[in-house]
>>> print(open('my_file.txt').read())   # compact mmCIF, C-alpha atoms and all ligand atoms
# COMPACT_ATOMS: atom_id res chain seq x y z
CA MET A 1 0.00 0.00 0.00
CA THR A 2 1.23 3.50 -0.82
CA ILE A 3 0.11 6.61 1.04
CA ILE A 4 -0.65 9.42 -1.40
CA ASP A 5 1.32 12.51 -0.45
CA GLY A 6 -1.28 15.24 -1.01
CA ARG A 7 0.97 17.89 0.51
CA GLY A 8 3.86 17.01 -1.80
CA ILE A 9 1.62 17.00 -4.90
CA ALA A 10 0.16 20.36 -3.82
CA ARG A 11 3.64 21.82 -3.24
CA ARG A 12 4.80 20.84 -6.73
CA ARG A 13 1.70 22.44 -8.26
CA GLN A 14 2.26 25.56 -6.17
CA GLU A 15 5.78 25.93 -7.61
CA VAL A 16 4.29 25.97 -11.12
CA LEU A 17 1.64 28.49 -10.02
CA HIS A 18 4.28 30.69 -8.42
CA ARG A 19 6.12 30.94 -11.75
CA GLU A 20 2.86 31.70 -13.61
CA VAL A 21 2.06 34.47 -11.12
CA ALA A 22 5.56 35.95 -11.59
CA ARG A 23 5.09 35.97 -15.40
CA LEU A 24 1.73 37.73 -15.03
CA GLU A 25 3.24 40.30 -12.70
CA GLU A 26 5.88 41.10 -15.33
CA LYS A 27 2.95 42.07 -17.55
CA GLY A 28 1.58 44.30 -14.81
CA ILE A 29 -1.17 41.92 -13.71
CA VAL A 30 -1.29 40.88 -10.06
CA PRO A 31 -3.70 37.93 -9.63
CA THR A 32 -6.08 38.82 -6.81
CA ILE A 33 -8.33 36.60 -4.71
CA ALA A 34 -11.20 37.98 -2.62
CA PRO A 35 -12.49 35.41 -0.11
CA ILE A 36 -15.53 36.57 1.89
CA LEU A 37 -15.97 35.48 5.50
CA VAL A 38 -19.30 36.17 7.17
CA GLY A 39 -19.43 35.60 10.93
CA GLU A 40 -17.23 33.87 13.43
CA GLU A 41 -17.70 30.19 12.60
CA GLY A 42 -14.40 28.47 13.46
CA SER A 43 -13.89 26.23 10.43
CA ALA A 44 -14.75 29.03 7.95
CA ARG A 45 -12.10 31.22 9.58
CA VAL A 46 -9.51 28.41 9.41
CA TYR A 47 -10.05 28.11 5.63
CA TYR A 48 -10.09 31.90 5.22
CA ARG A 49 -6.67 32.16 6.92
CA ALA A 50 -5.26 29.19 5.01
CA LYS A 51 -6.06 30.99 1.76
CA ALA A 52 -4.32 34.13 3.01
CA ARG A 53 -1.15 32.14 3.79
CA LEU A 54 -1.08 30.34 0.46
CA ALA A 55 -1.87 33.50 -1.52
CA GLU A 56 1.07 35.23 0.13
CA LYS A 57 3.38 32.29 -0.64
CA LEU A 58 2.39 32.36 -4.32
CA GLY A 59 2.49 36.12 -4.79
CA ILE A 60 -1.28 36.34 -5.23
CA ARG A 61 -2.83 39.51 -3.79
CA TYR A 62 -5.27 38.72 -0.97
CA ALA A 63 -8.26 41.04 -0.80
CA GLY A 64 -10.27 39.19 1.87
CA VAL A 65 -13.51 40.71 3.16
CA GLU A 66 -14.67 40.03 6.74
CA LEU A 67 -18.28 40.74 7.66
CA PRO A 68 -20.08 40.36 11.01
CA THR A 69 -22.53 37.49 11.70
CA ASP A 70 -25.55 39.82 11.57
CA THR A 71 -24.74 41.00 8.02
CA ARG A 72 -27.99 41.12 6.03
CA GLU A 73 -28.24 39.09 2.83
CA GLU A 74 -28.66 42.28 0.76
CA GLU A 75 -25.47 43.69 2.27
CA LEU A 76 -23.52 40.57 1.34
CA LEU A 77 -24.98 40.63 -2.18
CA SER A 78 -23.95 44.25 -2.52
CA VAL A 79 -20.35 43.42 -1.44
CA ILE A 80 -20.27 40.64 -4.05
CA ALA A 81 -21.71 42.99 -6.68
CA SER A 82 -18.91 45.49 -6.11
CA LEU A 83 -16.24 42.73 -6.28
CA ASN A 84 -17.88 41.47 -9.49
CA VAL A 85 -17.16 44.79 -11.21
CA ASP A 86 -13.83 45.60 -9.52
CA PRO A 87 -11.26 45.27 -12.34
CA ARG A 88 -8.46 44.41 -9.87
CA VAL A 89 -10.27 41.35 -8.44
CA ASP A 90 -9.88 38.05 -10.32
CA GLY A 91 -11.50 35.46 -8.04
CA ILE A 92 -14.33 35.55 -5.48
CA PHE A 93 -14.74 32.81 -2.87
CA ILE A 94 -17.52 32.53 -0.26
CA GLU A 95 -16.42 30.81 2.95
CA LEU A 96 -18.88 28.24 4.34
CA PRO A 97 -20.87 27.86 6.46
CA LEU A 98 -22.73 31.15 6.04
CA PRO A 99 -25.03 32.32 8.86
CA ARG A 100 -28.44 30.65 8.54
CA HIS A 101 -30.35 33.82 7.63
CA ILE A 102 -28.43 34.11 4.34
CA SER A 103 -29.66 32.11 1.34
CA TRP A 104 -26.89 30.10 -0.30
CA GLU A 105 -28.87 30.02 -3.53
CA ALA A 106 -29.01 33.80 -3.78
CA VAL A 107 -25.33 34.14 -2.92
CA SER A 108 -24.13 31.48 -5.34
CA ARG A 109 -26.12 33.06 -8.19
CA SER A 110 -24.62 36.46 -7.46
CA VAL A 111 -20.94 35.62 -8.14
CA VAL A 112 -20.24 36.33 -11.83
CA PRO A 113 -19.10 33.18 -13.68
CA GLU A 114 -15.85 34.92 -14.81
CA LYS A 115 -14.72 35.22 -11.14
CA ASP A 116 -16.39 32.09 -9.79
CA ILE A 117 -13.28 30.23 -8.58
CA ASP A 118 -15.24 27.46 -6.83
CA GLY A 119 -17.78 26.91 -9.60
CA ILE A 120 -20.82 27.68 -7.39
CA ASN A 121 -22.92 29.72 -9.82
CA PRO A 122 -25.53 27.60 -11.68
CA MET A 123 -24.09 29.08 -14.89
CA SER A 124 -20.63 27.69 -14.02
CA MET A 125 -22.19 24.31 -13.27
CA GLY A 126 -24.05 24.37 -16.58
CA LEU A 127 -20.86 25.20 -18.47
CA MET A 128 -19.03 22.35 -16.75
CA LEU A 129 -21.78 19.90 -17.72
CA ALA A 130 -22.13 21.16 -21.30
CA MET A 131 -18.40 21.32 -22.00
CA SER A 132 -17.71 17.94 -20.36
CA GLY A 133 -19.74 16.47 -23.21
CA ARG A 134 -17.36 18.05 -25.73
CA ALA A 135 -14.10 17.23 -23.94
CA LYS A 136 -12.20 14.02 -24.72
CA ASN A 137 -10.97 13.83 -21.15
CA TYR A 138 -10.72 15.75 -17.87
CA ARG A 139 -7.61 17.71 -18.93
CA GLN A 140 -9.30 19.05 -22.06
CA LEU A 141 -12.17 20.23 -19.90
CA SER A 142 -10.05 21.77 -17.13
CA ASP A 143 -7.77 23.54 -19.65
CA ARG A 144 -10.67 25.47 -21.19
CA ALA A 145 -10.40 29.18 -20.40
CA ASP A 146 -14.19 29.51 -20.11
CA VAL A 147 -14.67 26.67 -17.60
CA LEU A 148 -13.99 27.07 -13.86
CA LEU A 149 -14.36 23.73 -12.10
CA PRO A 150 -15.19 23.37 -8.38
CA ALA A 151 -11.97 23.11 -6.37
CA THR A 152 -12.45 19.89 -4.37
CA PRO A 153 -13.49 17.63 -7.28
CA MET A 154 -10.66 19.19 -9.27
CA ALA A 155 -8.22 18.42 -6.44
CA VAL A 156 -9.26 14.76 -6.49
CA MET A 157 -8.83 14.50 -10.27
CA GLU A 158 -5.44 16.24 -10.22
CA ILE A 159 -4.19 13.88 -7.49
CA LEU A 160 -5.39 10.77 -9.33
CA LEU A 161 -3.82 11.88 -12.61
CA GLU A 162 -0.58 13.01 -10.94
CA ILE A 163 -0.02 9.59 -9.36
CA GLY A 164 -0.83 7.85 -12.66
CA VAL A 165 -4.12 6.13 -11.79
CA SER A 166 -5.62 4.94 -15.04
CA LEU A 167 -9.25 6.02 -14.88
CA ALA A 168 -10.46 5.27 -18.42
CA GLY A 169 -12.45 2.03 -18.26
CA SER A 170 -12.12 1.75 -14.48
CA GLU A 171 -15.03 1.22 -12.07
CA ALA A 172 -15.23 4.38 -10.00
CA VAL A 173 -17.60 4.71 -7.05
CA VAL A 174 -18.34 8.06 -5.42
CA ILE A 175 -20.10 8.08 -2.04
CA GLY A 176 -21.90 11.41 -1.60
CA ARG A 177 -23.98 13.41 -4.07
CA SER A 178 -23.56 16.99 -2.84
CA LEU A 179 -23.56 19.82 -5.38
CA SER A 180 -20.07 20.91 -4.40
CA VAL A 181 -18.30 17.54 -4.17
CA GLY A 182 -19.99 14.24 -5.05
CA ARG A 183 -21.97 15.27 -8.14
CA PRO A 184 -19.28 17.29 -9.92
CA LEU A 185 -16.59 14.71 -9.04
CA SER A 186 -18.74 11.98 -10.63
CA LEU A 187 -19.00 14.06 -13.80
CA LEU A 188 -15.23 14.65 -13.93
CA LEU A 189 -14.49 10.93 -13.44
CA LEU A 190 -16.98 10.17 -16.22
CA THR A 191 -15.28 12.74 -18.47
CA GLU A 192 -12.01 10.86 -17.92
CA GLY A 193 -13.68 7.63 -19.08
CA ALA A 194 -14.46 5.89 -15.78
CA THR A 195 -17.71 3.97 -15.32
CA VAL A 196 -19.17 5.85 -12.38
CA THR A 197 -21.65 4.81 -9.70
CA ILE A 198 -22.87 7.40 -7.20
CA CYS A 199 -23.97 6.22 -3.75
CA HIS A 200 -25.87 8.27 -1.15
CA SER A 201 -27.98 7.88 1.98
CA LYS A 202 -30.77 6.06 0.11
CA THR A 203 -28.46 3.54 -1.60
CA ARG A 204 -29.28 -0.06 -0.71
CA SER A 205 -26.51 -2.63 -0.05
CA ILE A 206 -23.87 0.04 -0.45
CA ASP A 207 -21.07 -2.40 0.42
CA LYS A 208 -21.89 -4.55 -2.64
CA ILE A 209 -21.38 -1.49 -4.83
CA THR A 210 -18.28 -0.17 -3.10
CA ARG A 211 -16.59 -3.60 -3.29
CA ARG A 212 -16.71 -3.33 -7.10
CA ALA A 213 -14.73 -0.10 -7.12
CA ASP A 214 -11.24 0.17 -8.58
CA VAL A 215 -11.33 3.81 -7.44
CA LEU A 216 -13.44 4.73 -4.42
CA CYS A 217 -13.99 8.39 -3.48
CA VAL A 218 -15.71 9.10 -0.18
CA ALA A 219 -17.41 12.44 0.60
CA VAL A 220 -19.97 11.67 3.29
CA GLY A 221 -18.92 13.77 6.30
CA ARG A 222 -18.96 10.89 8.84
CA SER A 223 -15.86 9.75 10.69
CA ARG A 224 -14.62 6.30 9.64
CA PHE A 225 -17.72 5.66 7.49
CA LEU A 226 -15.85 3.46 4.99
CA THR A 227 -14.73 0.21 6.65
CA SER A 228 -12.39 -2.44 5.28
CA GLY A 229 -15.27 -4.82 4.52
CA MET A 230 -16.58 -2.29 1.97
CA VAL A 231 -13.36 -2.27 -0.04
CA LYS A 232 -11.93 -4.51 -2.77
CA GLN A 233 -8.32 -5.65 -2.36
CA GLY A 234 -6.06 -3.28 -4.32
CA ALA A 235 -8.56 -0.42 -4.66
CA VAL A 236 -7.48 3.23 -4.82
CA ILE A 237 -9.10 5.12 -1.92
CA VAL A 238 -9.65 8.88 -1.92
CA ASP A 239 -10.88 10.21 1.42
CA ILE A 240 -12.44 13.64 1.00
CA GLY A 241 -14.01 13.86 4.46
CA ILE A 242 -12.92 16.35 7.08
CA ASN A 243 -14.43 15.58 10.48
CA VAL A 244 -13.52 17.06 13.82
CA SER A 245 -13.36 14.30 16.44
CA ALA A 246 -11.83 13.77 19.89
CA GLU A 247 -8.69 12.50 18.10
CA GLY A 248 -8.48 15.66 15.99
CA ILE A 249 -9.23 15.88 12.27
CA VAL A 250 -10.23 12.52 10.76
CA GLY A 251 -11.55 11.52 7.36
CA ASP A 252 -14.52 9.44 6.21
CA VAL A 253 -12.36 6.31 5.95
CA ASP A 254 -11.41 3.90 8.73
CA TYR A 255 -7.85 4.58 7.66
CA GLU A 256 -5.75 1.93 9.44
CA ALA A 257 -8.01 -1.00 8.48
CA VAL A 258 -8.74 0.17 4.91
CA ALA A 259 -5.06 0.94 4.25
CA THR A 260 -4.21 -2.76 4.61
CA LYS A 261 -6.42 -3.51 1.56
CA ALA A 262 -5.87 -0.42 -0.59
CA SER A 263 -3.14 -0.10 -3.22
CA LEU A 264 -3.13 3.69 -2.80
CA ILE A 265 -4.84 5.83 -0.17
CA THR A 266 -5.06 9.53 0.72
CA PRO A 267 -4.51 10.35 4.40
CA VAL A 268 -6.51 12.95 6.37
CA PRO A 269 -5.05 15.44 7.00
CA GLY A 270 -2.48 15.78 4.23
CA GLY A 271 -4.47 14.29 1.33
CA VAL A 272 -7.16 16.12 -0.64
CA GLY A 273 -7.27 19.21 1.64
CA PRO A 274 -3.97 20.90 0.65
CA MET A 275 -4.70 20.28 -3.02
CA THR A 276 -8.17 21.87 -2.72
CA THR A 277 -6.70 25.18 -1.50
CA THR A 278 -4.12 24.96 -4.28
CA MET A 279 -6.86 24.49 -6.89
CA ILE A 280 -8.65 27.62 -5.61
CA MET A 281 -5.42 29.51 -6.30
CA ALA A 282 -5.04 27.79 -9.69
CA ASN A 283 -8.52 29.00 -10.65
CA THR A 284 -7.62 32.52 -9.50
CA VAL A 285 -4.55 32.47 -11.72
CA LYS A 286 -6.71 31.21 -14.62
CA CYS A 287 -9.07 34.18 -14.13
CA ALA A 288 -6.06 36.54 -14.11
CA LEU A 289 -4.76 34.93 -17.31
CA ASN A 290 -8.18 35.48 -18.87
CA ARG A 291 -7.98 39.14 -17.78
CA ALA A 292 -4.49 39.41 -19.31
P1 LIG B 1 -22.84 16.97 2.37
O1 LIG B 1 -23.35 18.07 1.52
O2 LIG B 1 -23.33 16.82 3.76
O3 LIG B 1 -23.10 15.60 1.59
C1 LIG B 1 -22.88 14.37 2.20
C2 LIG B 1 -23.31 13.28 1.28
O4 LIG B 1 -23.13 12.03 1.95
C3 LIG B 1 -24.78 13.35 0.88
O5 LIG B 1 -24.92 13.15 -0.51
C4 LIG B 1 -25.43 12.22 1.67
O6 LIG B 1 -26.49 11.58 0.99
C5 LIG B 1 -24.28 11.24 1.80
N1 LIG B 1 -24.48 10.38 2.95
C6 LIG B 1 -24.77 10.75 4.22
N2 LIG B 1 -24.92 9.66 4.99
C7 LIG B 1 -24.75 8.59 4.19
C8 LIG B 1 -24.81 7.20 4.39
N3 LIG B 1 -25.08 6.66 5.59
N4 LIG B 1 -24.56 6.39 3.33
C9 LIG B 1 -24.29 6.91 2.12
N5 LIG B 1 -24.23 8.21 1.87
C10 LIG B 1 -24.46 9.05 2.89
O7 LIG B 1 -21.25 17.03 2.49
P2 LIG B 1 -20.14 17.55 1.42
O8 LIG B 1 -20.13 19.02 1.39
O9 LIG B 1 -20.25 16.78 0.15
O10 LIG B 1 -18.83 17.12 2.20
C11 LIG B 1 -18.54 15.77 2.48
C12 LIG B 1 -17.30 15.69 3.33
O11 LIG B 1 -16.20 16.25 2.60
C13 LIG B 1 -17.35 16.51 4.63
O12 LIG B 1 -16.63 15.81 5.64
C14 LIG B 1 -16.65 17.80 4.28
O13 LIG B 1 -16.07 18.42 5.42
C15 LIG B 1 -15.59 17.28 3.36
N6 LIG B 1 -15.04 18.26 2.42
C16 LIG B 1 -13.70 18.25 2.26
C17 LIG B 1 -13.10 19.10 1.38
C18 LIG B 1 -11.63 19.01 1.18
O14 LIG B 1 -11.02 19.92 0.64
N7 LIG B 1 -11.00 17.90 1.56
C19 LIG B 1 -13.88 20.02 0.66
C20 LIG B 1 -15.27 20.01 0.81
C21 LIG B 1 -15.84 19.11 1.70
P3 LIG B 1 -27.93 12.30 0.70
O15 LIG B 1 -27.64 13.24 -0.44
O16 LIG B 1 -28.81 11.18 0.33
O17 LIG B 1 -28.30 13.02 1.96
>>> encode(input="my_file.txt", output="structure tokens")
Amino acid sequence: MTIIDGRGIARRRQEVLHREVARLEEKGIVPTIAPILVGEEGSARVYYRAKARLAEKLGIRYAGVELPTDTREEELLSVIASLNVDPRVDGIFIELPLPRHISWEAVSRSVVPEKDIDGINPMSMGLMLAMSGRAKNYRQLSDRADVLLPATPMAVMEILLEIGVSLAGSEAVVIGRSLSVGRPLSLLLLTEGATVTICHSKTRSIDKITRRADVLCVAVGRSRFLTSGMVKQGAVIVDIGINVSAEGIVGDVDYEAVATKASLITPVPGGVGPMTTTMIMANTVKCALNRA
């Protein structure tokens, strides 16, 4: 079994991004990311700060906006509207969770597709779906200037391709069907030629399905959900889950037991997470390149 070094893969990608940013700056364009944090929720703040650190490392300008918990929805929409038209801002990112009184649907619609670095606008999702039908593979889709893919599914695809997992013709199983992770990841795996099955809370005999998987991606949000009995010998396991437990941050996979059966496995932390933040920066650089 080999542990997939998500941090190492992310670092190598960051070196490439750093050079791209330097080239853009020579042309007078400073890629700029504007994450928006509403309220004091701990995990949202952790991600907000992580973006600030990585942006600084890469030479990307960080134009974060912090708003209090009692910010009204119209106020947030007006902040987004001004970032949408600010010519110095390339990428807009909304930190989650938002306070309950703010509608995610309204917010996600309000980010213009050209600056939508996590692919949350229905227009961005539509473009991803439409263009996936025209692309021969994932790379052709992700390389398109007019398509911004959601960061976490992108992170998973980039990791799998980087370590040389052959997806075309493989049996891929995704557990989780959320709009931000499970659904788009299934589409990207399909675009790369995998035969994809999506499992969710209503799936019957889930273990029968997961045991077929050559590549098994888990995005459920429950500690140690995937046990070794659910896994085929030699499968590639991608653990997307981030759960806070008494032991600290753990994934959705019962790591020690599943690792004995897997050929390759992502750890948590240090797997998909670092690559996700890197993909947010990659999308910001793409937006800046489009501006250039
Ligand atoms: P979500 O919106 O809560 O979706 C969870 C999915 O899991 C749903 O589709 C749900 O099915 C399914 N599910 C729940 N219980 C199940 C069960 N017993 N059997 C089968 N499926 C079940 O969560 P998410 O946003 O996709 O996030 C999933 C996990 O990934 C979380 O731990 C989150 O923190 C993590 N995450 C990590 C990153 C990263 O960068 N590594 C990024 C984003 C999210 P139904 O649709 O039927 O309810």
>>> residues_around(input="my_file.txt", residues="A:Asn283", least_positions_apart="3", cutoff="7 Å", atoms="only C-alpha atoms", output="list in words")
Ile117, Leu148, Met279, Ile280, Lys286 and Cys287 of chain A
>>> atom_distance(input="my_file.txt", atom1="atom CA of A:Glu20", atom2="atom CA of A:Ile120")
24.8 Å
>>> atom_distance(input="my_file.txt", atom1="atom CA of A:Leu185", atom2="atom CA of A:Ala172")
10.5 Å
>>> residues_near_ligand(input="my_file.txt", ligand="ligand LIG 1 (chain B)", cutoff="7 Å", atoms="all atoms listed in the file", output="list in words")
Thr152, Ile175, Gly176, Arg177, Ser178, Ser180, Val181, Gly182, Cys199, His200, Ser201, Lys202, Thr203, Ala219, Val220, Gly221, Arg222, Ile240, Gly241, Ile242, Asn243, Gly251, Asp252, Val272, Gly273 and Thr276 of chain A
>>> residues_around(input="my_file.txt", residues="A:Thr227", least_positions_apart="2", cutoff="6 Å", atoms="all atoms listed in the file", output="PDB file with C-alpha atoms, in the frame of the given file")
ATOM      1  CA  GLY A 229     -15.270  -4.820   4.520  1.00  0.00           C
ATOM      2  CA  MET A 230     -16.580  -2.290   1.970  1.00  0.00           C
ATOM      3  CA  ASP A 254     -11.410   3.900   8.730  1.00  0.00           C
TER       4      ASP A 254
END
>>> residues_around(input="my_file.txt", residues="stretch 132-142 of chain A", least_positions_apart="4", cutoff="8 Å", atoms="only C-alpha atoms", output="compact mmCIF listing (two decimals) with C-alpha atoms, in the coordinates of the input")
# COMPACT_ATOMS: atom_id res chain seq x y z
CA MET A 128 -19.03 22.35 -16.75
CA VAL A 147 -14.67 26.67 -17.60
CA LEU A 148 -13.99 27.07 -13.86
CA LEU A 149 -14.36 23.73 -12.10
CA MET A 157 -8.83 14.50 -10.27
CA LEU A 187 -19.00 14.06 -13.80
CA LEU A 188 -15.23 14.65 -13.93
CA LEU A 189 -14.49 10.93 -13.44
CA THR A 191 -15.28 12.74 -18.47
CA GLU A 192 -12.01 10.86 -17.92
CA GLY A 193 -13.68 7.63 -19.08
>>> atom_distance(input="my_file.txt", atom1="atom CA of A:Gly59", atom2="atom CA of A:Gly270")
22.8 Å
>>> build_atoms(input="my_file.txt", residues="stretch 241-263 of chain A", atoms="N, CA, C and O atoms", output="PDB file, in the frame of the given file")
ATOM      1  N   GLY A 241     -13.395  13.392   3.208  1.00  0.00           N
ATOM      2  CA  GLY A 241     -14.010  13.860   4.460  1.00  0.00           C
ATOM      3  C   GLY A 241     -13.068  14.634   5.371  1.00  0.00           C
ATOM      4  O   GLY A 241     -11.874  14.357   5.425  1.00  0.00           O
ATOM      5  N   ILE A 242     -13.641  15.618   6.023  1.00  0.00           N
ATOM      6  CA  ILE A 242     -12.920  16.350   7.080  1.00  0.00           C
ATOM      7  C   ILE A 242     -13.873  16.392   8.272  1.00  0.00           C
ATOM      8  O   ILE A 242     -14.898  17.078   8.217  1.00  0.00           O
ATOM      9  N   ASN A 243     -13.557  15.630   9.305  1.00  0.00           N
ATOM     10  CA  ASN A 243     -14.430  15.580  10.480  1.00  0.00           C
ATOM     11  C   ASN A 243     -13.619  15.888  11.726  1.00  0.00           C
ATOM     12  O   ASN A 243     -12.521  15.366  11.892  1.00  0.00           O
ATOM     13  N   VAL A 244     -14.199  16.732  12.570  1.00  0.00           N
ATOM     14  CA  VAL A 244     -13.520  17.060  13.820  1.00  0.00           C
ATOM     15  C   VAL A 244     -13.965  16.039  14.858  1.00  0.00           C
ATOM     16  O   VAL A 244     -15.169  15.873  15.100  1.00  0.00           O
ATOM     17  N   SER A 245     -13.014  15.297  15.419  1.00  0.00           N
ATOM     18  CA  SER A 245     -13.360  14.300  16.440  1.00  0.00           C
ATOM     19  C   SER A 245     -12.453  14.508  17.656  1.00  0.00           C
ATOM     20  O   SER A 245     -11.581  15.374  17.633  1.00  0.00           O
ATOM     21  N   ALA A 246     -12.654  13.674  18.667  1.00  0.00           N
ATOM     22  CA  ALA A 246     -11.830  13.770  19.890  1.00  0.00           C
ATOM     23  C   ALA A 246     -10.353  13.559  19.548  1.00  0.00           C
ATOM     24  O   ALA A 246      -9.469  14.083  20.226  1.00  0.00           O
ATOM     25  N   GLU A 247     -10.092  12.768  18.474  1.00  0.00           N
ATOM     26  CA  GLU A 247      -8.690  12.500  18.100  1.00  0.00           C
ATOM     27  C   GLU A 247      -8.116  13.596  17.203  1.00  0.00           C
ATOM     28  O   GLU A 247      -7.007  13.479  16.721  1.00  0.00           O
ATOM     29  N   GLY A 248      -8.916  14.603  16.910  1.00  0.00           N
ATOM     30  CA  GLY A 248      -8.480  15.660  15.990  1.00  0.00           C
ATOM     31  C   GLY A 248      -9.220  15.529  14.666  1.00  0.00           C
ATOM     32  O   GLY A 248     -10.351  15.028  14.645  1.00  0.00           O
ATOM     33  N   ILE A 249      -8.577  15.954  13.576  1.00  0.00           N
ATOM     34  CA  ILE A 249      -9.230  15.880  12.270  1.00  0.00           C
ATOM     35  C   ILE A 249      -9.115  14.454  11.723  1.00  0.00           C
ATOM     36  O   ILE A 249      -8.011  13.915  11.622  1.00  0.00           O
ATOM     37  N   VAL A 250     -10.257  13.844  11.391  1.00  0.00           N
ATOM     38  CA  VAL A 250     -10.230  12.520  10.760  1.00  0.00           C
ATOM     39  C   VAL A 250     -11.073  12.542   9.496  1.00  0.00           C
ATOM     40  O   VAL A 250     -11.941  13.399   9.326  1.00  0.00           O
ATOM     41  N   GLY A 251     -10.822  11.580   8.624  1.00  0.00           N
ATOM     42  CA  GLY A 251     -11.550  11.520   7.360  1.00  0.00           C
ATOM     43  C   GLY A 251     -12.806  10.668   7.457  1.00  0.00           C
ATOM     44  O   GLY A 251     -13.283  10.355   8.555  1.00  0.00           O
ATOM     45  N   ASP A 252     -13.336  10.299   6.282  1.00  0.00           N
ATOM     46  CA  ASP A 252     -14.520   9.440   6.210  1.00  0.00           C
ATOM     47  C   ASP A 252     -14.147   7.968   6.121  1.00  0.00           C
ATOM     48  O   ASP A 252     -15.012   7.110   5.987  1.00  0.00           O
ATOM     49  N   VAL A 253     -12.836   7.681   6.149  1.00  0.00           N
ATOM     50  CA  VAL A 253     -12.360   6.310   5.950  1.00  0.00           C
ATOM     51  C   VAL A 253     -11.739   5.806   7.246  1.00  0.00           C
ATOM     52  O   VAL A 253     -10.998   6.534   7.912  1.00  0.00           O
ATOM     53  N   ASP A 254     -12.054   4.552   7.584  1.00  0.00           N
ATOM     54  CA  ASP A 254     -11.410   3.900   8.730  1.00  0.00           C
ATOM     55  C   ASP A 254      -9.991   3.564   8.266  1.00  0.00           C
ATOM     56  O   ASP A 254      -9.699   2.457   7.801  1.00  0.00           O
ATOM     57  N   TYR A 255      -9.132   4.554   8.381  1.00  0.00           N
ATOM     58  CA  TYR A 255      -7.850   4.580   7.660  1.00  0.00           C
ATOM     59  C   TYR A 255      -6.978   3.340   7.895  1.00  0.00           C
ATOM     60  O   TYR A 255      -6.563   2.689   6.933  1.00  0.00           O
ATOM     61  N   GLU A 256      -6.712   3.005   9.159  1.00  0.00           N
ATOM     62  CA  GLU A 256      -5.750   1.930   9.440  1.00  0.00           C
ATOM     63  C   GLU A 256      -6.209   0.609   8.823  1.00  0.00           C
ATOM     64  O   GLU A 256      -5.427  -0.104   8.196  1.00  0.00           O
ATOM     65  N   ALA A 257      -7.504   0.285   8.987  1.00  0.00           N
ATOM     66  CA  ALA A 257      -8.010  -1.000   8.480  1.00  0.00           C
ATOM     67  C   ALA A 257      -8.086  -0.984   6.956  1.00  0.00           C
ATOM     68  O   ALA A 257      -7.687  -1.947   6.291  1.00  0.00           O
ATOM     69  N   VAL A 258      -8.564   0.103   6.372  1.00  0.00           N
ATOM     70  CA  VAL A 258      -8.740   0.170   4.910  1.00  0.00           C
ATOM     71  C   VAL A 258      -7.371   0.192   4.218  1.00  0.00           C
ATOM     72  O   VAL A 258      -7.193  -0.401   3.150  1.00  0.00           O
ATOM     73  N   ALA A 259      -6.401   0.832   4.856  1.00  0.00           N
ATOM     74  CA  ALA A 259      -5.060   0.940   4.250  1.00  0.00           C
ATOM     75  C   ALA A 259      -4.447  -0.434   3.984  1.00  0.00           C
ATOM     76  O   ALA A 259      -3.690  -0.608   3.031  1.00  0.00           O
ATOM     77  N   THR A 260      -4.799  -1.431   4.807  1.00  0.00           N
ATOM     78  CA  THR A 260      -4.210  -2.760   4.610  1.00  0.00           C
ATOM     79  C   THR A 260      -4.719  -3.409   3.318  1.00  0.00           C
ATOM     80  O   THR A 260      -4.101  -4.327   2.801  1.00  0.00           O
ATOM     81  N   LYS A 261      -5.875  -2.932   2.802  1.00  0.00           N
ATOM     82  CA  LYS A 261      -6.420  -3.510   1.560  1.00  0.00           C
ATOM     83  C   LYS A 261      -6.160  -2.652   0.332  1.00  0.00           C
ATOM     84  O   LYS A 261      -6.145  -3.137  -0.789  1.00  0.00           O
ATOM     85  N   ALA A 262      -5.974  -1.351   0.548  1.00  0.00           N
ATOM     86  CA  ALA A 262      -5.870  -0.420  -0.590  1.00  0.00           C
ATOM     87  C   ALA A 262      -4.498  -0.537  -1.258  1.00  0.00           C
ATOM     88  O   ALA A 262      -3.516  -0.917  -0.616  1.00  0.00           O
ATOM     89  N   SER A 263      -4.455  -0.209  -2.567  1.00  0.00           N
ATOM     90  CA  SER A 263      -3.140  -0.100  -3.220  1.00  0.00           C
ATOM     91  C   SER A 263      -2.589   1.305  -3.003  1.00  0.00           C
ATOM     92  O   SER A 263      -1.393   1.502  -2.829  1.00  0.00           O
TER      93      SER A 263
END
